[in-house]
Amino acid sequence: MKITDIECFVLLVPDYRADACSSAQDNLVVRIHTDSGHVGIGETDTNPWVARAMIEAPGTHIMGLGLKEMLIGEDPRNVEGLWERMYTGSAMTGRRGLGICAIGALDMALWDLVGKIEKKPCWQLLGGATNRTITPYASLLPEGDDLDTYARVLQERAVEAKRLGFRAAKLEICLKGPYSHNSLQIEDDRECARMVRDIRKAVGPEMTLMVDVAYAWRDWKEALRAIEMFADEDVYFVETPLPSDDVEGYAKLCRASPVKIALGEWQQTRFEFLEFMKADAVDVVQPDVGRVGGLTEAKRVALHARDRGLAVVPHCWKSAIGIAASAHLAAVAPTCTFIEFLPPPLADSRLRRELCSEELPVVDGRIPLPEAPGLGITVDDGALERFKVA
C-alpha cells in the first residue's frame, strides 16, 4: 500500500475579522490518498497559506526536503517512521513553528488513514485506552466592543454551556496584553476578577471553571497579584498568563500561585514541553495535536507529563477534526482530565459549525470512547468547497 497524493485545502470564512482573537475563522485541512482508495483527514491551527507551502514546496537538499515529496510512495502504516522522516528531512526549514504544524496535520491524517485501513479507532492504534470516557470543557470566547457587553455575553454563554450539559467551561477573558481587543484593553485586573465571580455565581459551584487570559501579564508578580483576586472562586487553572517563552517567570508563578498554571497551545514537540516540565514551570500541560506535531508527538508529551504527575488538557481551537484527535489523545493519556471543545451552538465561526457532517457526540457532558475507524468524523465535501480559497 502506498501514498499516492496529498491535497491541501486553505479554508476561510467570508466574514472573517482580522482584529479578532479567534483562529477558528480559517483552517488548513489535508487529505492523504492511497492506492487502496483509503483517505485520511487532518488539520492544523496556524496560517494555512504558509503551512500549505511547507507541505507542497519541493526541497533542494537533504536537510530541507518538502513534506509532500517525502510521503508520496511511502507505506502510510509506518506512521511513527514517517514522522521521524518528516522531522529530520525538513529540520533546516521546519524544526519548529509552522513546519511542525504542517507535520501535525499530516500525522493526524496518517493516523486517521491507518485507522480506516485497519478498521480500528485511533486510540486502539495508539496503545489502548487508559480513560474510558472523555470530558470536554466548553471553550467560551465572548463578543462585544465594550466591557459591559463582553461580560454579559461571556456569562450568557457560560450559563448556556451548563444548560447544554457541559460539566466544565473555560472563560476567555482577554482584557489585557497583546491579544486583547483594542477597545477593551484595561489596566484594572479587578474587572477580570469581577467577571469570574459573577460567572461562578451564575453557574453554581458544581461546574468546573478555567480562565484563559491570553498572555495578559508582563511578569510573574503582576500575574500573581491578579490571580489572587479570583483564586477563591474555585478556578481549575489559569491559562497562558505570561509570554510563552518566559520559562523562569512561569516557574516562579507556579511555585507561588494558589491556582494551577496551564500552558502549551504554542509549544511544539516534546522538547519545548520538556523545557517547562524540567523547570517545574507548568502545572497543566496543553498540547494542541495539530500544532505540537500530530498524535505521534502529542502522545509523547502526554507520557512525559504522566511521568511527572502533571495533568494533560489538550488545547483545540479549531474544528471537529482536531476535537476528535484530542479525544483520541485523551483516551490514551493517563493524566488527561479534560479536552477543549468549542460547542457549535456557541461558535461564531461557520467553519466550526459546518465543516464536519459527522463528529464525536457529547452525551451527558462526556464524549464516549470512539468506536468508529480512524478519528471517527466525516468532513462535508460541500463545506470544503464553500470555504476553500485560492
# chains A, B, ... in the order shown; residues from 1 in each chain; ligands from 1
>>> residues_around(residues="A:Asp246", least_positions_apart="3", cutoff="10 Å", atoms="only C-alpha atoms", output="VMD selection string")
chain A and resid 218 to 220 242 to 243 249 to 251 276 281
>>> select_by_dssp(residues="stretch 12-236 of chain A", states="strand (DSSP E or B)", output="number ranges by chain")
A: 12, 26-34, 39-44, 121, 133-134, 136-140, 168-172, 208-212, 235-236
>>> write_last_selection(atoms="C-alpha atoms", output="PDB file, in the first residue's frame")
ATOM      1  CA  LEU A  12     -11.594  30.849   5.318  1.00  0.00           C
ATOM      2  CA  ASP A  26      -9.535  29.778   8.933  1.00  0.00           C
ATOM      3  CA  ASN A  27      -8.124  26.291   8.571  1.00  0.00           C
ATOM      4  CA  LEU A  28      -5.728  24.059   6.707  1.00  0.00           C
ATOM      5  CA  VAL A  29      -7.282  20.657   6.034  1.00  0.00           C
ATOM      6  CA  VAL A  30      -5.226  17.897   4.424  1.00  0.00           C
ATOM      7  CA  ARG A  31      -6.369  14.703   2.743  1.00  0.00           C
ATOM      8  CA  ILE A  32      -3.903  11.863   2.206  1.00  0.00           C
ATOM      9  CA  HIS A  33      -4.835   9.406  -0.562  1.00  0.00           C
ATOM     10  CA  THR A  34      -3.628   5.848  -1.103  1.00  0.00           C
ATOM     11  CA  VAL A  39      -8.291   8.624   2.581  1.00  0.00           C
ATOM     12  CA  GLY A  40      -7.097  10.207   5.836  1.00  0.00           C
ATOM     13  CA  ILE A  41      -8.075  13.652   7.151  1.00  0.00           C
ATOM     14  CA  GLY A  42      -6.079  16.084   9.290  1.00  0.00           C
ATOM     15  CA  GLU A  43      -5.907  19.775  10.185  1.00  0.00           C
ATOM     16  CA  THR A  44      -3.683  22.271  11.944  1.00  0.00           C
ATOM     17  CA  PRO A 121     -10.283   3.778  16.162  1.00  0.00           C
ATOM     18  CA  THR A 133     -14.691   8.483  28.774  1.00  0.00           C
ATOM     19  CA  ILE A 134     -13.514  11.961  27.780  1.00  0.00           C
ATOM     20  CA  PRO A 136     -14.922  18.199  27.157  1.00  0.00           C
ATOM     21  CA  TYR A 137     -14.965  21.703  28.531  1.00  0.00           C
ATOM     22  CA  ALA A 138     -16.904  24.362  26.664  1.00  0.00           C
ATOM     23  CA  SER A 139     -14.468  26.975  25.402  1.00  0.00           C
ATOM     24  CA  LEU A 140     -16.213  30.353  25.524  1.00  0.00           C
ATOM     25  CA  ALA A 168     -16.811  22.470  32.676  1.00  0.00           C
ATOM     26  CA  ALA A 169     -16.173  25.715  30.827  1.00  0.00           C
ATOM     27  CA  LYS A 170     -13.212  27.938  30.053  1.00  0.00           C
ATOM     28  CA  LEU A 171     -13.703  31.692  30.181  1.00  0.00           C
ATOM     29  CA  GLU A 172     -11.720  33.606  27.571  1.00  0.00           C
ATOM     30  CA  THR A 208     -15.595  23.431  36.736  1.00  0.00           C
ATOM     31  CA  LEU A 209     -14.282  26.799  35.556  1.00  0.00           C
ATOM     32  CA  MET A 210     -10.987  27.644  33.866  1.00  0.00           C
ATOM     33  CA  VAL A 211      -9.728  31.100  32.876  1.00  0.00           C
ATOM     34  CA  ASP A 212      -7.706  31.946  29.746  1.00  0.00           C
ATOM     35  CA  VAL A 235     -10.775  28.014  39.331  1.00  0.00           C
ATOM     36  CA  TYR A 236      -9.209  24.833  37.934  1.00  0.00           C
TER      37      TYR A 236
END
>>> select_by_dssp(residues="stretch 123-253 of chain A", states="helix (DSSP H, G or I)", output="MDAnalysis selection string")
chainID A and resid 123:125 147:163 182:184 190:203 220:233 247:253
>>> residues_around(residues="A:Met195", least_positions_apart="5", cutoff="9 Å", atoms="only C-alpha atoms", output="list in words")
Ala151, Arg152, Leu154, Gln155, Ile173, Arg190 and Arg200 of chain A
>>> write_last_selection(atoms="N, CA, C and O atoms", output="compact mmCIF listing (two decimals), in the first residue's frame")
# COMPACT_ATOMS: atom_id res chain seq x y z
N ALA A 151 -18.75 41.21 29.20
CA ALA A 151 -19.03 40.46 30.41
C ALA A 151 -20.39 39.77 30.33
O ALA A 151 -20.55 38.61 30.75
N ARG A 152 -21.38 40.47 29.81
CA ARG A 152 -22.73 39.90 29.71
C ARG A 152 -22.75 38.70 28.78
O ARG A 152 -23.33 37.65 29.11
N LEU A 154 -20.25 36.76 27.86
CA LEU A 154 -19.49 35.65 28.44
C LEU A 154 -20.32 34.91 29.48
O LEU A 154 -20.34 33.67 29.51
N GLN A 155 -21.02 35.64 30.33
CA GLN A 155 -21.86 35.00 31.34
C GLN A 155 -23.00 34.23 30.68
O GLN A 155 -23.31 33.10 31.08
N ILE A 173 -11.03 35.49 28.92
CA ILE A 173 -11.09 36.87 29.42
C ILE A 173 -9.84 37.59 28.93
O ILE A 173 -8.81 37.61 29.60
N ARG A 190 -9.09 44.03 38.49
CA ARG A 190 -10.30 43.72 39.24
C ARG A 190 -11.48 43.43 38.31
O ARG A 190 -12.43 42.74 38.70
N ARG A 200 -19.16 32.54 38.25
CA ARG A 200 -19.26 31.46 39.25
C ARG A 200 -20.62 31.50 39.93
O ARG A 200 -21.26 30.45 40.14
>>> closest_atom_pairs(of="stretch 41-69 of chain A", to="stretch 93-114 of chain A", cutoff="8 Å", atoms="only C-alpha atoms", output="JSON lines")
{"residue": "A:Ile41", "atom": "CA", "partner": "A:Ala109", "partner_atom": "CA", "distance": 4.3}
{"residue": "A:Gly42", "atom": "CA", "partner": "A:Ala109", "partner_atom": "CA", "distance": 4.1}
{"residue": "A:Glu43", "atom": "CA", "partner": "A:Ala105", "partner_atom": "CA", "distance": 4.5}
{"residue": "A:Thr44", "atom": "CA", "partner": "A:Ala105", "partner_atom": "CA", "distance": 5.0}
{"residue": "A:Asp45", "atom": "CA", "partner": "A:Cys101", "partner_atom": "CA", "distance": 7.1}
{"residue": "A:Thr46", "atom": "CA", "partner": "A:Leu98", "partner_atom": "CA", "distance": 6.7}
{"residue": "A:Asn47", "atom": "CA", "partner": "A:Leu98", "partner_atom": "CA", "distance": 7.8}
{"residue": "A:Val50", "atom": "CA", "partner": "A:Leu98", "partner_atom": "CA", "distance": 7.5}
{"residue": "A:Ala51", "atom": "CA", "partner": "A:Ala102", "partner_atom": "CA", "distance": 5.4}
{"residue": "A:Arg52", "atom": "CA", "partner": "A:Ala102", "partner_atom": "CA", "distance": 7.4}
{"residue": "A:Met54", "atom": "CA", "partner": "A:Gly99", "partner_atom": "CA", "distance": 6.4}
{"residue": "A:Ile55", "atom": "CA", "partner": "A:Ala102", "partner_atom": "CA", "distance": 6.5}
{"residue": "A:Met63", "atom": "CA", "partner": "A:Thr93", "partner_atom": "CA", "distance": 8.0}
{"residue": "A:Gly64", "atom": "CA", "partner": "A:Thr93", "partner_atom": "CA", "distance": 5.8}
{"residue": "A:Leu67", "atom": "CA", "partner": "A:Ile103", "partner_atom": "CA", "distance": 7.5}
>>> closest_residue(among="A:Val313, A:Glu206, A:Asp381, A:Glu69", to="A:Phe237", atoms="only C-alpha atoms")
A:Val313
>>> atom_distance(atom1="atom CA of A:Phe9", atom2="atom CA of A:Asp75")
22.8 Å
>>> closest_residue(among="A:Ile339, A:Val289, A:Leu11, A:Cys254", to="A:Gln267", atoms="only C-alpha atoms")
A:Val289
>>> residues_around(residues="A:Thr4", least_positions_apart="2", cutoff="9 Å", atoms="only C-alpha atoms", output="list in words")
Lys2, Ile6, Ile32, His33, Thr34, Asp35, Leu71, Ile72, Gly73 and Glu74 of chain A
>>> write_last_selection(atoms="N, CA, C and O atoms", output="PDB file, in the first residue's frame")
ATOM      1  N   LYS A   2       0.509   2.235  -0.818  1.00  0.00           N
ATOM      2  CA  LYS A   2       1.337   3.426  -0.942  1.00  0.00           C
ATOM      3  C   LYS A   2       0.494   4.704  -0.918  1.00  0.00           C
ATOM      4  O   LYS A   2      -0.668   4.703  -1.338  1.00  0.00           O
ATOM      5  N   ILE A   6      -1.478  14.008  -1.839  1.00  0.00           N
ATOM      6  CA  ILE A   6      -1.840  14.791  -0.652  1.00  0.00           C
ATOM      7  C   ILE A   6      -2.498  16.077  -1.132  1.00  0.00           C
ATOM      8  O   ILE A   6      -1.910  16.837  -1.908  1.00  0.00           O
ATOM      9  N   ILE A  32      -4.940  12.755   2.722  1.00  0.00           N
ATOM     10  CA  ILE A  32      -3.903  11.863   2.206  1.00  0.00           C
ATOM     11  C   ILE A  32      -4.582  10.682   1.515  1.00  0.00           C
ATOM     12  O   ILE A  32      -5.404   9.987   2.119  1.00  0.00           O
ATOM     13  N   HIS A  33      -4.237  10.464   0.253  1.00  0.00           N
ATOM     14  CA  HIS A  33      -4.835   9.406  -0.562  1.00  0.00           C
ATOM     15  C   HIS A  33      -3.866   8.240  -0.724  1.00  0.00           C
ATOM     16  O   HIS A  33      -2.635   8.424  -0.725  1.00  0.00           O
ATOM     17  N   THR A  34      -4.435   7.053  -0.889  1.00  0.00           N
ATOM     18  CA  THR A  34      -3.628   5.848  -1.103  1.00  0.00           C
ATOM     19  C   THR A  34      -4.107   5.109  -2.350  1.00  0.00           C
ATOM     20  O   THR A  34      -5.204   5.353  -2.855  1.00  0.00           O
ATOM     21  N   ASP A  35      -3.255   4.189  -2.808  1.00  0.00           N
ATOM     22  CA  ASP A  35      -3.642   3.383  -3.968  1.00  0.00           C
ATOM     23  C   ASP A  35      -4.713   2.353  -3.627  1.00  0.00           C
ATOM     24  O   ASP A  35      -5.267   1.708  -4.521  1.00  0.00           O
ATOM     25  N   LEU A  71       6.480  11.929   1.556  1.00  0.00           N
ATOM     26  CA  LEU A  71       5.430  10.949   1.840  1.00  0.00           C
ATOM     27  C   LEU A  71       4.946  10.194   0.609  1.00  0.00           C
ATOM     28  O   LEU A  71       4.505   9.037   0.735  1.00  0.00           O
ATOM     29  N   ILE A  72       4.987  10.809  -0.556  1.00  0.00           N
ATOM     30  CA  ILE A  72       4.494  10.143  -1.761  1.00  0.00           C
ATOM     31  C   ILE A  72       5.287   8.860  -2.009  1.00  0.00           C
ATOM     32  O   ILE A  72       6.509   8.846  -1.989  1.00  0.00           O
ATOM     33  N   GLY A  73       4.529   7.765  -2.208  1.00  0.00           N
ATOM     34  CA  GLY A  73       5.144   6.473  -2.460  1.00  0.00           C
ATOM     35  C   GLY A  73       5.435   5.654  -1.214  1.00  0.00           C
ATOM     36  O   GLY A  73       5.812   4.478  -1.318  1.00  0.00           O
ATOM     37  N   GLU A  74       5.254   6.252  -0.031  1.00  0.00           N
ATOM     38  CA  GLU A  74       5.537   5.548   1.224  1.00  0.00           C
ATOM     39  C   GLU A  74       4.320   4.765   1.710  1.00  0.00           C
ATOM     40  O   GLU A  74       3.182   5.058   1.350  1.00  0.00           O
TER      41      GLU A  74
END
>>> closest_residue(among="A:Asp348, A:Glu265, A:Glu248, A:Glu358", to="A:Lys278", atoms="only C-alpha atoms")
A:Glu248
>>> residues_around(residues="A:Pro361", least_positions_apart="3", cutoff="12 Å", atoms="only C-alpha atoms", output="number ranges by chain")
A: 133-136, 320, 323-324, 327, 341, 343-344, 357-358, 364-372, 376-377
>>> write_last_selection(atoms="N, CA and C atoms", output="compact mmCIF listing (two decimals), in the first residue's frame")
# COMPACT_ATOMS: atom_id res chain seq x y z
N THR A 133 -13.88 7.37 29.24
CA THR A 133 -14.69 8.48 28.77
C THR A 133 -13.83 9.74 28.74
N ILE A 134 -14.24 10.71 27.93
CA ILE A 134 -13.51 11.96 27.78
C ILE A 134 -14.45 13.09 28.18
N THR A 135 -13.96 14.03 28.99
CA THR A 135 -14.77 15.15 29.44
C THR A 135 -14.36 16.41 28.69
N PRO A 136 -15.24 16.94 27.85
CA PRO A 136 -14.92 18.20 27.16
C PRO A 136 -15.31 19.40 28.02
N ALA A 320 -14.18 20.05 14.29
CA ALA A 320 -14.42 18.72 14.84
C ALA A 320 -13.31 17.73 14.50
N ILE A 323 -10.86 18.29 17.35
CA ILE A 323 -11.50 17.83 18.58
C ILE A 323 -11.45 16.31 18.67
N ALA A 324 -11.72 15.64 17.55
CA ALA A 324 -11.65 14.18 17.54
C ALA A 324 -10.24 13.70 17.85
N ALA A 327 -9.69 13.94 21.46
CA ALA A 327 -10.39 12.89 22.20
C ALA A 327 -9.62 11.58 22.17
N PHE A 341 -13.22 22.12 23.86
CA PHE A 341 -14.33 21.85 22.94
C PHE A 341 -15.07 23.14 22.67
N PRO A 343 -18.29 24.48 21.45
CA PRO A 343 -19.63 23.97 21.13
C PRO A 343 -20.20 24.65 19.89
N PRO A 344 -20.69 23.90 18.92
CA PRO A 344 -21.24 24.52 17.71
C PRO A 344 -22.30 25.59 17.97
N SER A 357 -19.82 16.92 8.79
CA SER A 357 -21.22 16.47 8.82
C SER A 357 -21.44 15.43 9.91
N GLU A 358 -20.37 14.84 10.38
CA GLU A 358 -20.46 13.86 11.47
C GLU A 358 -19.27 14.07 12.40
N ASP A 364 -24.41 13.64 27.94
CA ASP A 364 -24.42 13.93 29.37
C ASP A 364 -23.08 14.52 29.82
N GLY A 365 -22.56 15.43 28.99
CA GLY A 365 -21.32 16.10 29.35
C GLY A 365 -20.06 15.30 29.12
N ARG A 366 -20.16 14.15 28.48
CA ARG A 366 -18.98 13.31 28.21
C ARG A 366 -18.95 12.91 26.73
N ILE A 367 -17.77 12.61 26.24
CA ILE A 367 -17.62 12.01 24.92
C ILE A 367 -17.33 10.53 25.11
N PRO A 368 -18.22 9.65 24.69
CA PRO A 368 -17.94 8.22 24.83
C PRO A 368 -16.70 7.83 24.04
N LEU A 369 -16.04 6.79 24.45
CA LEU A 369 -14.85 6.32 23.76
C LEU A 369 -15.21 6.02 22.31
N PRO A 370 -14.56 6.68 21.34
CA PRO A 370 -14.94 6.48 19.93
C PRO A 370 -14.73 5.03 19.48
N GLU A 371 -15.66 4.55 18.69
CA GLU A 371 -15.56 3.18 18.18
C GLU A 371 -15.40 3.12 16.68
N ALA A 372 -15.69 4.20 15.97
CA ALA A 372 -15.58 4.21 14.51
C ALA A 372 -14.11 4.18 14.09
N GLY A 376 -13.03 9.03 13.40
CA GLY A 376 -14.46 8.89 13.64
C GLY A 376 -15.29 10.09 13.24
N ILE A 377 -14.77 10.92 12.33
CA ILE A 377 -15.51 12.09 11.86
C ILE A 377 -15.66 12.02 10.35
>>> residues_around(residues="A:Lys119", least_positions_apart="2", cutoff="8 Å", atoms="only C-alpha atoms", output="ChimeraX atom specification")
/A:115-117,121,372-374
>>> write_last_selection(atoms="N, CA, C and O atoms", output="compact mmCIF listing (two decimals), in the first residue's frame")
# COMPACT_ATOMS: atom_id res chain seq x y z
N GLY A 115 -6.27 4.02 10.78
CA GLY A 115 -7.45 3.52 11.47
C GLY A 115 -8.50 3.00 10.50
O GLY A 115 -9.14 1.97 10.74
N LYS A 116 -8.67 3.72 9.39
CA LYS A 116 -9.63 3.27 8.38
C LYS A 116 -9.15 2.00 7.68
O LYS A 116 -9.95 1.13 7.35
N ILE A 117 -7.85 1.91 7.45
CA ILE A 117 -7.29 0.71 6.83
C ILE A 117 -7.47 -0.51 7.74
O ILE A 117 -7.89 -1.58 7.31
N PRO A 121 -10.41 2.38 15.76
CA PRO A 121 -10.28 3.78 16.16
C PRO A 121 -8.83 4.10 16.50
O PRO A 121 -8.06 3.22 16.90
N ALA A 372 -15.69 4.20 15.97
CA ALA A 372 -15.58 4.21 14.51
C ALA A 372 -14.11 4.18 14.09
O ALA A 372 -13.23 4.62 14.84
N PRO A 373 -13.81 3.68 12.90
CA PRO A 373 -12.42 3.64 12.44
C PRO A 373 -11.80 5.03 12.33
O PRO A 373 -12.48 6.01 12.02
N GLY A 374 -10.50 5.12 12.58
CA GLY A 374 -9.79 6.38 12.45
C GLY A 374 -10.22 7.38 13.49
O GLY A 374 -10.44 7.04 14.66
>>> residues_around(residues="A:Leu147", least_positions_apart="6", cutoff="10 Å", atoms="only C-alpha atoms", output="MDAnalysis selection string")
chainID A and resid 175 183:186 191
>>> atom_distance(atom1="atom CA of A:Ser90", atom2="atom CA of A:Gln25")
28.0 Å
>>> closest_residue(among="A:Val379, A:Ala279, A:Val389, A:Val332", to="A:Val247", atoms="only C-alpha atoms")
A:Ala279
>>> closest_residue(among="A:Ser257, A:Glu7, A:Glu160, A:Ser23", to="A:Lys318", atoms="only C-alpha atoms")
A:Ser23
>>> atom_distance(atom1="atom CA of A:Gly177", atom2="atom CA of A:Ala298")
28.3 Å
